[in-house]
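Containing TSV, C-alpha atoms and all ligand atoms: run.tsv.
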chain	number	residue	atom	x	y	z
A	13	MET	CA	-14.89	-27.13	-0.74
A	14	SER	CA	-13.95	-23.51	-0.47
A	15	GLU	CA	-12.45	-21.82	-3.49
A	16	ALA	CA	-8.74	-20.94	-3.50
A	17	GLU	CA	-8.00	-17.42	-2.22
A	18	ILE	CA	-5.45	-16.84	-5.00
A	19	LEU	CA	-5.30	-18.39	-8.47
A	20	PHE	CA	-2.20	-19.02	-10.60
A	21	GLU	CA	-2.11	-19.97	-14.26
A	22	VAL	CA	0.47	-19.87	-17.06
A	23	LYS	CA	-1.19	-19.01	-20.37
A	24	ASP	CA	0.15	-17.54	-23.64
A	25	GLY	CA	3.51	-16.98	-21.95
A	26	LEU	CA	1.95	-14.93	-19.15
A	27	GLY	CA	2.00	-15.83	-15.48
A	28	LEU	CA	-1.53	-14.88	-14.45
A	29	ILE	CA	-2.35	-14.21	-10.80
A	30	THR	CA	-5.90	-13.56	-9.61
A	31	LEU	CA	-6.53	-12.35	-6.06
A	32	ASN	CA	-9.71	-14.31	-5.33
A	33	ARG	CA	-11.52	-13.06	-2.23
A	34	PRO	CA	-14.01	-10.76	-3.97
A	35	LYS	CA	-16.40	-10.59	-0.95
A	36	ALA	CA	-13.48	-9.30	1.18
A	37	LEU	CA	-12.37	-6.92	-1.61
A	38	ASN	CA	-9.47	-9.32	-2.25
A	39	ALA	CA	-7.77	-8.31	1.00
A	40	LEU	CA	-4.49	-10.21	1.37
A	41	THR	CA	-4.34	-13.08	3.84
A	42	HIS	CA	-1.10	-14.59	5.09
A	43	GLY	CA	-1.93	-17.70	3.04
A	44	MET	CA	-2.15	-15.64	-0.16
A	45	ILE	CA	1.19	-14.01	0.63
A	46	LEU	CA	2.86	-17.40	1.18
A	47	GLU	CA	1.40	-18.65	-2.10
A	48	LEU	CA	2.84	-15.62	-3.92
A	49	GLU	CA	6.26	-16.25	-2.45
A	50	ARG	CA	6.00	-19.94	-3.42
A	51	VAL	CA	5.12	-19.25	-7.09
A	52	ILE	CA	6.66	-15.98	-8.27
A	53	PRO	CA	10.36	-16.85	-7.73
A	54	ASP	CA	9.78	-19.92	-9.94
A	55	TRP	CA	8.14	-17.83	-12.66
A	56	GLU	CA	11.10	-15.46	-12.61
A	57	LYS	CA	13.34	-18.37	-13.75
A	58	ASN	CA	10.79	-20.23	-15.88
A	59	PRO	CA	11.34	-19.56	-19.62
A	60	ALA	CA	7.64	-20.31	-20.27
A	61	VAL	CA	6.74	-17.09	-18.40
A	62	LYS	CA	7.59	-13.83	-20.22
A	63	ALA	CA	5.72	-11.50	-17.83
A	64	VAL	CA	3.40	-11.59	-14.81
A	65	VAL	CA	-0.13	-10.15	-14.94
A	66	LEU	CA	-1.90	-9.48	-11.62
A	67	ARG	CA	-5.65	-8.88	-11.30
A	68	GLY	CA	-8.40	-8.95	-8.68
A	69	ALA	CA	-11.54	-11.11	-8.90
A	70	GLY	CA	-15.01	-9.58	-8.90
A	71	ASP	CA	-16.10	-6.16	-10.09
A	72	ARG	CA	-15.23	-3.98	-7.08
A	73	ALA	CA	-11.60	-4.34	-6.04
A	74	PHE	CA	-8.08	-5.07	-7.15
A	75	CYS	CA	-7.03	-5.40	-3.49
A	76	ALA	CA	-8.29	-3.38	-0.51
A	77	GLY	CA	-5.30	-4.08	1.73
A	78	GLY	CA	-4.05	-6.64	4.18
A	79	ASP	CA	-6.45	-8.88	6.07
A	80	VAL	CA	-6.00	-6.99	9.32
A	81	THR	CA	-9.02	-8.58	11.00
A	82	ASN	CA	-7.10	-11.82	11.53
A	83	LEU	CA	-4.35	-9.86	13.31
A	84	TYR	CA	-7.02	-8.37	15.54
A	85	ARG	CA	-8.46	-11.81	16.31
A	86	GLU	CA	-5.02	-13.14	17.25
A	87	SER	CA	-4.58	-10.23	19.69
A	88	LEU	CA	-7.65	-11.38	21.66
A	89	ASN	CA	-5.56	-14.35	22.89
A	90	PRO	CA	-2.23	-12.68	23.73
A	91	GLY	CA	0.79	-14.86	23.06
A	92	SER	CA	-1.31	-17.28	21.01
A	93	GLY	CA	0.19	-17.02	17.56
A	94	THR	CA	2.89	-15.71	15.25
A	95	LEU	CA	0.71	-14.02	12.64
A	96	ARG	CA	1.64	-10.51	13.83
A	97	ARG	CA	5.29	-11.40	13.16
A	98	ASP	CA	5.00	-13.54	10.02
A	99	PHE	CA	2.28	-11.62	8.17
A	100	PHE	CA	4.34	-8.44	7.82
A	101	TYR	CA	7.65	-10.29	7.37
A	102	ASP	CA	6.36	-12.39	4.49
A	103	GLU	CA	4.35	-9.54	2.95
A	104	TYR	CA	7.38	-7.26	2.82
A	105	ILE	CA	9.50	-10.02	1.25
A	106	VAL	CA	6.91	-10.24	-1.53
A	107	ASN	CA	6.93	-6.43	-1.92
A	108	ARG	CA	10.70	-6.51	-2.30
A	109	ARG	CA	10.57	-9.40	-4.75
A	110	ILE	CA	8.16	-7.41	-6.94
A	111	TYR	CA	10.41	-4.32	-6.74
A	112	ARG	CA	13.43	-6.38	-7.89
A	113	TYR	CA	11.51	-8.67	-10.30
A	114	ALA	CA	13.54	-9.61	-13.38
A	115	LYS	CA	10.50	-9.78	-15.70
A	116	PRO	CA	7.67	-7.32	-16.38
A	117	TRP	CA	5.21	-7.21	-13.46
A	118	ILE	CA	1.95	-5.81	-14.81
A	119	SER	CA	-1.01	-4.93	-12.56
A	120	LEU	CA	-4.39	-4.51	-14.28
A	121	ILE	CA	-6.26	-2.51	-11.63
A	122	ASP	CA	-10.02	-2.47	-12.14
A	123	GLY	CA	-11.26	-1.17	-8.79
A	124	ILE	CA	-10.12	-0.37	-5.24
A	125	ASP	CA	-6.35	-0.45	-4.68
A	126	MET	CA	-5.39	0.47	-1.13
A	127	GLY	CA	-2.72	-0.30	1.45
A	128	GLY	CA	-1.40	-3.82	0.88
A	129	GLY	CA	-2.86	-3.81	-2.65
A	130	VAL	CA	-0.70	-0.82	-3.52
A	131	GLY	CA	2.31	-2.82	-2.32
A	132	LEU	CA	1.58	-5.39	-5.04
A	133	SER	CA	1.04	-2.87	-7.84
A	134	VAL	CA	3.21	0.19	-7.29
A	135	HIS	CA	6.60	-1.56	-7.11
A	136	GLY	CA	6.09	-3.54	-10.31
A	137	SER	CA	7.31	-2.40	-13.71
A	138	HIS	CA	3.84	-1.56	-15.08
A	139	SER	CA	0.38	-0.72	-13.76
A	140	VAL	CA	-2.75	0.38	-15.55
A	141	ALA	CA	-5.97	1.51	-13.92
A	142	SER	CA	-9.58	1.70	-15.08
A	143	GLU	CA	-12.26	4.31	-14.34
A	144	LYS	CA	-13.22	2.18	-11.29
A	145	PHE	CA	-9.77	2.70	-9.74
A	146	LEU	CA	-9.65	4.15	-6.23
A	147	PHE	CA	-6.32	4.60	-4.45
A	148	ALA	CA	-5.44	5.34	-0.83
A	149	MET	CA	-2.84	4.60	1.79
A	150	PRO	CA	-5.43	4.67	4.64
A	151	GLU	CA	-3.42	3.07	7.43
A	152	THR	CA	-3.35	6.03	9.82
A	153	THR	CA	-7.16	5.58	9.95
A	154	ILE	CA	-6.60	2.28	11.81
A	155	GLY	CA	-3.58	3.36	13.87
A	156	LEU	CA	-1.01	1.94	11.48
A	157	PHE	CA	1.35	3.61	9.00
A	158	PRO	CA	1.65	3.41	5.19
A	159	ASP	CA	3.75	0.26	4.95
A	160	VAL	CA	4.38	-2.21	2.07
A	161	GLY	CA	7.04	0.19	0.78
A	162	GLY	CA	5.06	3.39	1.39
A	163	GLY	CA	8.16	4.94	2.94
A	164	TYR	CA	9.92	4.36	-0.37
A	165	PHE	CA	7.37	5.29	-3.01
A	166	LEU	CA	5.54	8.09	-1.19
A	167	THR	CA	8.80	9.97	-0.60
A	168	ARG	CA	9.54	9.80	-4.33
A	169	LEU	CA	6.35	11.62	-5.35
A	170	GLN	CA	6.53	15.34	-6.07
A	171	GLY	CA	6.74	17.94	-3.31
A	172	ALA	CA	4.85	17.09	-0.14
A	173	LEU	CA	2.30	14.94	-1.97
A	174	GLY	CA	3.51	11.72	-0.32
A	175	THR	CA	3.28	13.24	3.16
A	176	PHE	CA	-0.23	14.48	2.37
A	177	LEU	CA	-1.39	11.07	1.10
A	178	ALA	CA	0.28	9.24	4.01
A	179	LEU	CA	-1.14	11.40	6.78
A	180	THR	CA	-4.66	12.17	5.53
A	181	SER	CA	-5.52	8.85	3.78
A	182	HIS	CA	-6.72	11.06	0.88
A	183	ARG	CA	-8.21	9.02	-1.97
A	184	LEU	CA	-7.21	9.41	-5.58
A	185	LYS	CA	-9.08	8.53	-8.75
A	186	VAL	CA	-7.34	7.43	-11.90
A	187	ALA	CA	-6.61	10.86	-13.42
A	188	ASP	CA	-4.78	12.01	-10.27
A	189	ALA	CA	-2.95	8.69	-9.89
A	190	VAL	CA	-1.65	8.89	-13.48
A	191	TRP	CA	-0.66	12.53	-12.91
A	192	ALA	CA	1.19	11.64	-9.69
A	193	GLY	CA	2.93	8.63	-11.26
A	194	ILE	CA	1.26	6.09	-8.97
A	195	VAL	CA	-0.05	4.23	-12.02
A	196	ASP	CA	1.35	4.37	-15.55
A	197	ALA	CA	-1.77	4.71	-17.66
A	198	HIS	CA	-5.55	4.64	-17.85
A	199	VAL	CA	-7.11	1.69	-19.68
A	200	PRO	CA	-10.93	1.44	-19.66
A	201	SER	CA	-12.39	-1.44	-17.65
A	202	ALA	CA	-14.10	-2.76	-20.80
A	203	ARG	CA	-10.73	-3.19	-22.51
A	204	MET	CA	-8.75	-4.94	-19.74
A	205	ASN	CA	-9.35	-8.47	-21.11
A	206	GLU	CA	-8.35	-7.32	-24.59
A	207	LEU	CA	-5.15	-5.80	-23.17
A	208	GLN	CA	-4.34	-9.07	-21.42
A	209	ALA	CA	-4.86	-10.99	-24.68
A	210	ALA	CA	-2.61	-8.54	-26.54
A	211	LEU	CA	0.11	-9.03	-23.91
A	212	GLY	CA	-0.26	-12.78	-24.41
A	213	ALA	CA	0.19	-12.35	-28.17
A	214	ALA	CA	3.14	-9.95	-27.91
A	215	ASP	CA	6.86	-10.64	-28.11
A	216	ILE	CA	8.19	-9.82	-24.65
A	217	PHE	CA	11.78	-10.87	-24.08
A	218	GLY	CA	15.28	-9.76	-23.23
A	219	PRO	CA	16.47	-6.32	-22.24
A	220	GLY	CA	13.69	-4.62	-24.24
A	221	ALA	CA	10.88	-6.44	-22.42
A	222	ASN	CA	9.65	-3.40	-20.49
A	223	GLN	CA	9.49	-1.24	-23.64
A	224	GLN	CA	7.64	-4.01	-25.47
A	225	VAL	CA	5.04	-4.02	-22.69
A	226	ASP	CA	4.88	-0.19	-22.83
A	227	ALA	CA	4.07	-0.40	-26.55
A	228	VAL	CA	1.23	-2.88	-26.02
A	229	ILE	CA	-0.28	-0.82	-23.18
A	230	ALA	CA	-0.06	2.34	-25.31
A	231	ARG	CA	-2.51	0.79	-27.81
A	232	PHE	CA	-5.18	0.59	-25.08
A	233	THR	CA	-4.51	3.82	-23.22
A	234	ALA	CA	-7.32	6.34	-22.91
A	235	ASP	CA	-7.56	9.89	-21.56
A	236	PRO	CA	-8.34	9.68	-17.81
A	237	GLY	CA	-9.74	13.24	-17.70
A	238	LEU	CA	-8.51	16.20	-15.69
A	239	PRO	CA	-6.58	15.65	-12.45
A	240	THR	CA	-7.53	17.64	-9.33
A	241	LEU	CA	-4.09	17.57	-7.69
A	242	PRO	CA	-2.31	20.26	-9.75
A	243	ALA	CA	-4.58	22.96	-8.32
A	244	MET	CA	-3.97	21.58	-4.82
A	245	MET	CA	-0.18	21.16	-4.92
A	246	HIS	CA	0.65	24.68	-3.82
A	247	ASP	CA	-1.46	24.30	-0.66
A	248	ILE	CA	-0.20	20.75	-0.05
A	249	ASP	CA	3.42	21.88	-0.24
A	250	ARG	CA	2.77	24.88	2.01
A	251	CYS	CA	0.96	22.92	4.75
A	252	PHE	CA	2.51	19.46	4.63
A	253	SER	CA	6.22	20.36	4.42
A	254	ALA	CA	6.91	20.38	8.14
A	255	GLU	CA	9.04	18.85	10.85
A	256	SER	CA	6.20	17.63	13.04
A	257	VAL	CA	2.49	16.77	12.99
A	258	ALA	CA	1.86	19.66	15.39
A	259	GLU	CA	3.50	22.01	12.87
A	260	ILE	CA	1.28	20.67	10.06
A	261	GLU	CA	-1.81	21.20	12.23
A	262	ALA	CA	-0.65	24.73	13.06
A	263	LYS	CA	-0.02	25.51	9.37
A	264	LEU	CA	-3.47	24.22	8.38
A	265	LYS	CA	-5.08	26.35	11.12
A	266	ALA	CA	-3.16	29.45	10.04
A	267	PHE	CA	-3.91	28.80	6.36
A	268	GLY	CA	-7.61	29.30	7.00
A	269	SER	CA	-9.07	28.10	3.68
A	270	GLU	CA	-12.00	25.72	3.31
A	271	TRP	CA	-9.56	23.14	1.95
A	272	ALA	CA	-7.25	23.53	4.97
A	273	GLU	CA	-10.16	23.21	7.39
A	274	LYS	CA	-11.22	20.01	5.68
A	275	GLN	CA	-7.72	18.53	5.96
A	276	LEU	CA	-7.48	19.54	9.61
A	277	ALA	CA	-10.84	17.90	10.35
A	278	ALA	CA	-9.59	14.74	8.62
A	279	LEU	CA	-6.37	14.67	10.68
A	280	MET	CA	-8.31	15.13	13.93
A	281	LYS	CA	-9.97	11.72	13.46
A	282	LEU	CA	-6.71	9.80	12.98
A	283	SER	CA	-4.38	8.19	15.48
A	284	PRO	CA	-1.97	10.90	16.72
A	285	LEU	CA	0.79	8.36	17.37
A	286	ALA	CA	0.28	6.77	13.94
A	287	MET	CA	0.63	10.19	12.29
A	288	ALA	CA	3.78	10.96	14.29
A	289	ILE	CA	5.50	7.67	13.41
A	290	THR	CA	4.40	8.05	9.77
A	291	LEU	CA	6.09	11.43	9.48
A	292	GLU	CA	9.24	9.96	11.05
A	293	GLN	CA	9.03	6.97	8.66
A	294	LEU	CA	8.95	9.30	5.64
A	295	LYS	CA	11.93	11.28	6.95
A	296	ARG	CA	13.96	8.13	7.52
A	297	CYS	CA	13.03	6.40	4.23
A	298	ALA	CA	13.41	9.41	1.93
A	299	ASN	CA	16.99	8.72	0.93
A	300	ARG	CA	17.19	5.01	1.68
A	301	SER	CA	17.24	1.96	-0.57
A	302	PHE	CA	14.08	-0.08	-0.96
A	303	GLU	CA	15.53	-2.78	1.29
A	304	ASP	CA	16.49	-0.34	4.06
A	305	SER	CA	12.99	1.14	3.91
A	306	MET	CA	11.46	-2.31	4.36
A	307	THR	CA	13.68	-3.01	7.37
A	308	ILE	CA	12.51	0.27	8.93
A	309	GLU	CA	8.88	-0.57	8.19
A	310	TYR	CA	9.19	-4.07	9.65
A	311	ARG	CA	10.45	-2.67	12.94
A	312	MET	CA	7.57	-0.21	12.93
A	313	SER	CA	5.02	-2.95	12.19
A	314	GLN	CA	6.20	-4.98	15.16
A	315	ALA	CA	6.02	-1.99	17.51
A	316	CYS	CA	2.45	-1.36	16.29
A	317	MET	CA	1.51	-4.99	17.10
A	318	ARG	CA	2.34	-4.73	20.82
A	319	PRO	CA	-0.70	-5.24	23.07
A	320	GLY	CA	-2.79	-2.15	23.67
A	321	ARG	CA	-1.50	-0.22	20.66
A	322	ASP	CA	-3.73	1.99	18.53
A	323	PHE	CA	-3.79	-0.54	15.68
A	324	PHE	CA	-6.06	-2.93	17.59
A	325	GLU	CA	-8.34	-0.12	18.68
A	326	GLY	CA	-8.47	1.20	15.11
A	327	VAL	CA	-9.37	-2.19	13.63
A	328	ARG	CA	-11.97	-2.68	16.37
A	329	ALA	CA	-13.63	0.68	15.76
A	330	LEU	CA	-13.54	0.67	11.95
A	331	LEU	CA	-13.75	-2.97	10.88
A	332	ILE	CA	-15.04	-5.11	13.80
A	333	ASP	CA	-17.53	-3.13	15.93
A	334	LYS	CA	-17.86	-0.44	13.23
A	335	ASP	CA	-18.70	2.25	15.80
A	336	GLN	CA	-16.26	4.55	13.95
A	337	LYS	CA	-15.14	5.89	17.34
A	338	PRO	CA	-11.59	4.76	18.09
A	339	ARG	CA	-10.23	5.86	21.48
A	340	TRP	CA	-6.63	6.68	20.59
A	341	ASN	CA	-3.82	6.53	23.13
A	342	PRO	CA	-2.59	9.22	23.49
A	343	PRO	CA	-5.75	11.04	22.33
A	344	THR	CA	-4.03	14.17	20.98
A	345	ILE	CA	-0.75	14.99	19.27
A	346	ASP	CA	0.67	16.85	22.30
A	347	GLY	CA	0.54	13.57	24.24
A	348	VAL	CA	2.95	11.92	21.80
A	349	THR	CA	6.50	11.94	23.18
A	350	ARG	CA	9.80	11.60	21.34
A	351	ALA	CA	10.40	8.29	23.21
A	352	MET	CA	7.08	6.83	21.97
A	353	VAL	CA	8.09	7.60	18.39
A	354	GLU	CA	11.68	6.33	18.77
A	355	ASP	CA	10.34	3.07	20.19
A	356	HIS	CA	9.03	2.20	16.67
A	357	PHE	CA	12.48	2.32	15.05
A	358	LYS	CA	14.51	-0.04	17.23
A	359	PRO	CA	15.75	-3.41	15.95
A	360	VAL	CA	13.46	-6.32	16.82
A	361	ALA	CA	13.89	-10.05	17.34
A	362	ASN	CA	13.62	-11.87	13.99
A	363	ASP	CA	14.49	-8.60	12.22
A	364	LEU	CA	13.84	-8.28	8.48
A	365	VAL	CA	17.28	-7.52	7.09
A	366	PHE	CA	18.24	-8.06	3.42
A	367	ASP	CA	21.77	-8.85	2.32
B	1	LIG	C1	-7.84	1.59	6.84
B	1	LIG	C2	-7.04	0.56	6.44
B	1	LIG	C3	-7.60	-0.65	5.99
B	1	LIG	C4	-8.99	-0.79	5.99
B	1	LIG	C5	-9.79	0.26	6.39
B	1	LIG	C6	-9.20	1.44	6.83
B	1	LIG	C7	-6.79	-1.77	5.57
B	1	LIG	C8	-7.47	-2.95	5.18
B	1	LIG	C9	-8.87	-3.02	5.19
B	1	LIG	C10	-9.61	-4.20	4.80
B	1	LIG	C11	-10.52	-4.16	3.75
B	1	LIG	C12	-11.26	-5.27	3.40
B	1	LIG	C13	-11.13	-6.46	4.10
B	1	LIG	C14	-10.21	-6.50	5.17
B	1	LIG	C15	-9.48	-5.39	5.51
B	1	LIG	O1	-9.58	-1.94	5.58
B	1	LIG	O2	-5.54	-1.68	5.56
B	1	LIG	O3	-10.09	-7.68	5.84
B	1	LIG	O4	-11.86	-7.56	3.79
B	1	LIG	O5	-6.73	-4.01	4.79
B	1	LIG	O6	-9.99	2.47	7.24
B	1	LIG	O7	-5.71	0.68	6.44

For this file, produce the structure as structure tokens.
Amino acid sequence: MSEAEILFEVKDGLGLITLNRPKALNALTHGMILELERVIPDWEKNPAVKAVVLRGAGDRAFCAGGDVTNLYRESLNPGSGTLRRDFFYDEYIVNRRIYRYAKPWISLIDGIDMGGGVGLSVHGSHSVASEKFLFAMPETTIGLFPDVGGGYFLTRLQGALGTFLALTSHRLKVADAVWAGIVDAHVPSARMNELQAALGAADIFGPGANQQVDAVIARFTADPGLPTLPAMMHDIDRCFSAESVAEIEAKLKAFGSEWAEKQLAALMKLSPLAMAITLEQLKRCANRSFEDSMTIEYRMSQACMRPGRDFFEGVRALLIDKDQKPRWNPPTIDGVTRAMVEDHFKPVANDLVFD
């Protein structure tokens, strides 16, 4: 008997969800996504559930992302399965359900929260993070783009911060994430269980439910320390407000600081096409509804799943063979054409469109 990958329990009026693949850093499988979509609509209507609390099992991760290795495995037998279509489709439906959820959706984040994990936490009504929190949208590292609603939430951060996080995969600790508004508050790891018990004991109902949750969280909030981003924002805005990836690279070169050189070196390792489509994604999603953003991202995801695309090479190099040497196609940003980028934004069969 293998243990369930995701656990559900209703206790003290809370719908408790535990992502339960600790050895895989709780990375989301398609099965976990389908289970979420089976249970959480019911909890939204069920009067025995006043709020949802989401946690990750083990002591390292909340959720490290989507289980991209299964997508890679499917690609080894072209035409063999539908995971490449259904995984993203069903994941984005869950992201949208969380964004529109009628009850408090509270993520207690006690470790790594990246990619697909962020899609479960950032769109909810509340999120708290411990000193073990580590955030990133690292998809350009594997030839993908910051999906799960990245186009929506990254473009609503201050200045060019979202573009910076999306392109460089830069990691944030809790103080910076609170400062940026990516999580609501810092709660020490040692007090997470106590916070959950207090939520279970609290009155949470009606139109004041979110404020009632705020008040409980406030009792456990601690100072996360000094953020590093404020001192960086001037440089981020100068270098990452640009029309193209080539322009960002040129600005970083011209800037000539140690910080700029470090960012440029980071960009040089990433998929040029992934960076180009990511910048286009952010432009297109900046003033769109959540639903429109998800439709855009679904089209992009399907274009990235076509045979021979950088995604498979990225997963191979970083997660399968672990040689850390992806051979991107095209290898540099000047090989990326307008047509290659546009190809990621066309309607697809089985399109994800919300009414
Ligand atoms: C970039 C990414 C991801 C990544 C590594 C990157 C990503 C992702 C995983 C991941 C982590 C743990 C697992 C797993 C996958 O790693 O999105 O199956 O067990 O999900 O450099 O974007």

Practice prompt. Using all atoms listed in the file, find all polymer residues with an atom at most 12 Å away from the point (2.2, -9.3, -27.6); report them as a PyMOL selection string.
Written response: chain A and resi 24-26+62-63+206-217+221-229+231

Neighbouring residues of ligand LIG 1 (chain B) are defined here as those with any atom at most 6 Å from a ligand atom, counting only C-alpha atoms and all ligand atoms; list them as a CSV table (one decimal) with C-alpha atoms, in the frame of the given file.
chain,number,residue,atom,x,y,z
A,36,ALA,CA,-13.5,-9.3,1.2
A,37,LEU,CA,-12.4,-6.9,-1.6
A,39,ALA,CA,-7.8,-8.3,1.0
A,76,ALA,CA,-8.3,-3.4,-0.5
A,77,GLY,CA,-5.3,-4.1,1.7
A,78,GLY,CA,-4.0,-6.6,4.2
A,79,ASP,CA,-6.4,-8.9,6.1
A,80,VAL,CA,-6.0,-7.0,9.3
A,81,THR,CA,-9.0,-8.6,11.0
A,127,GLY,CA,-2.7,-0.3,1.4
A,150,PRO,CA,-5.4,4.7,4.6
A,151,GLU,CA,-3.4,3.1,7.4
A,153,THR,CA,-7.2,5.6,10.0
A,154,ILE,CA,-6.6,2.3,11.8

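With all atoms listed in the file as the atoms that count, the residue of A:Lys57, A:Arg72, A:His138, A:His42 with the shortest distance to Glu103 in chain A is A:His42.
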
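CA of Pro284 in chain A is positioned 8.0 Å from CA of Asn341 in chain A.
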
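Among the candidates A:Ala189, A:Gly220, A:Leu88, A:His198, the residue lying nearest to Pro239 in chain A is A:Ala189 (atoms considered: only C-alpha atoms).
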
Discussion item. Using all atoms listed in the file for the distances, tell me which of A:Ala258, A:Arg350, A:Thr290, A:Leu95 is nearest to Pro158 in chain A.
Written reply: A:Thr290
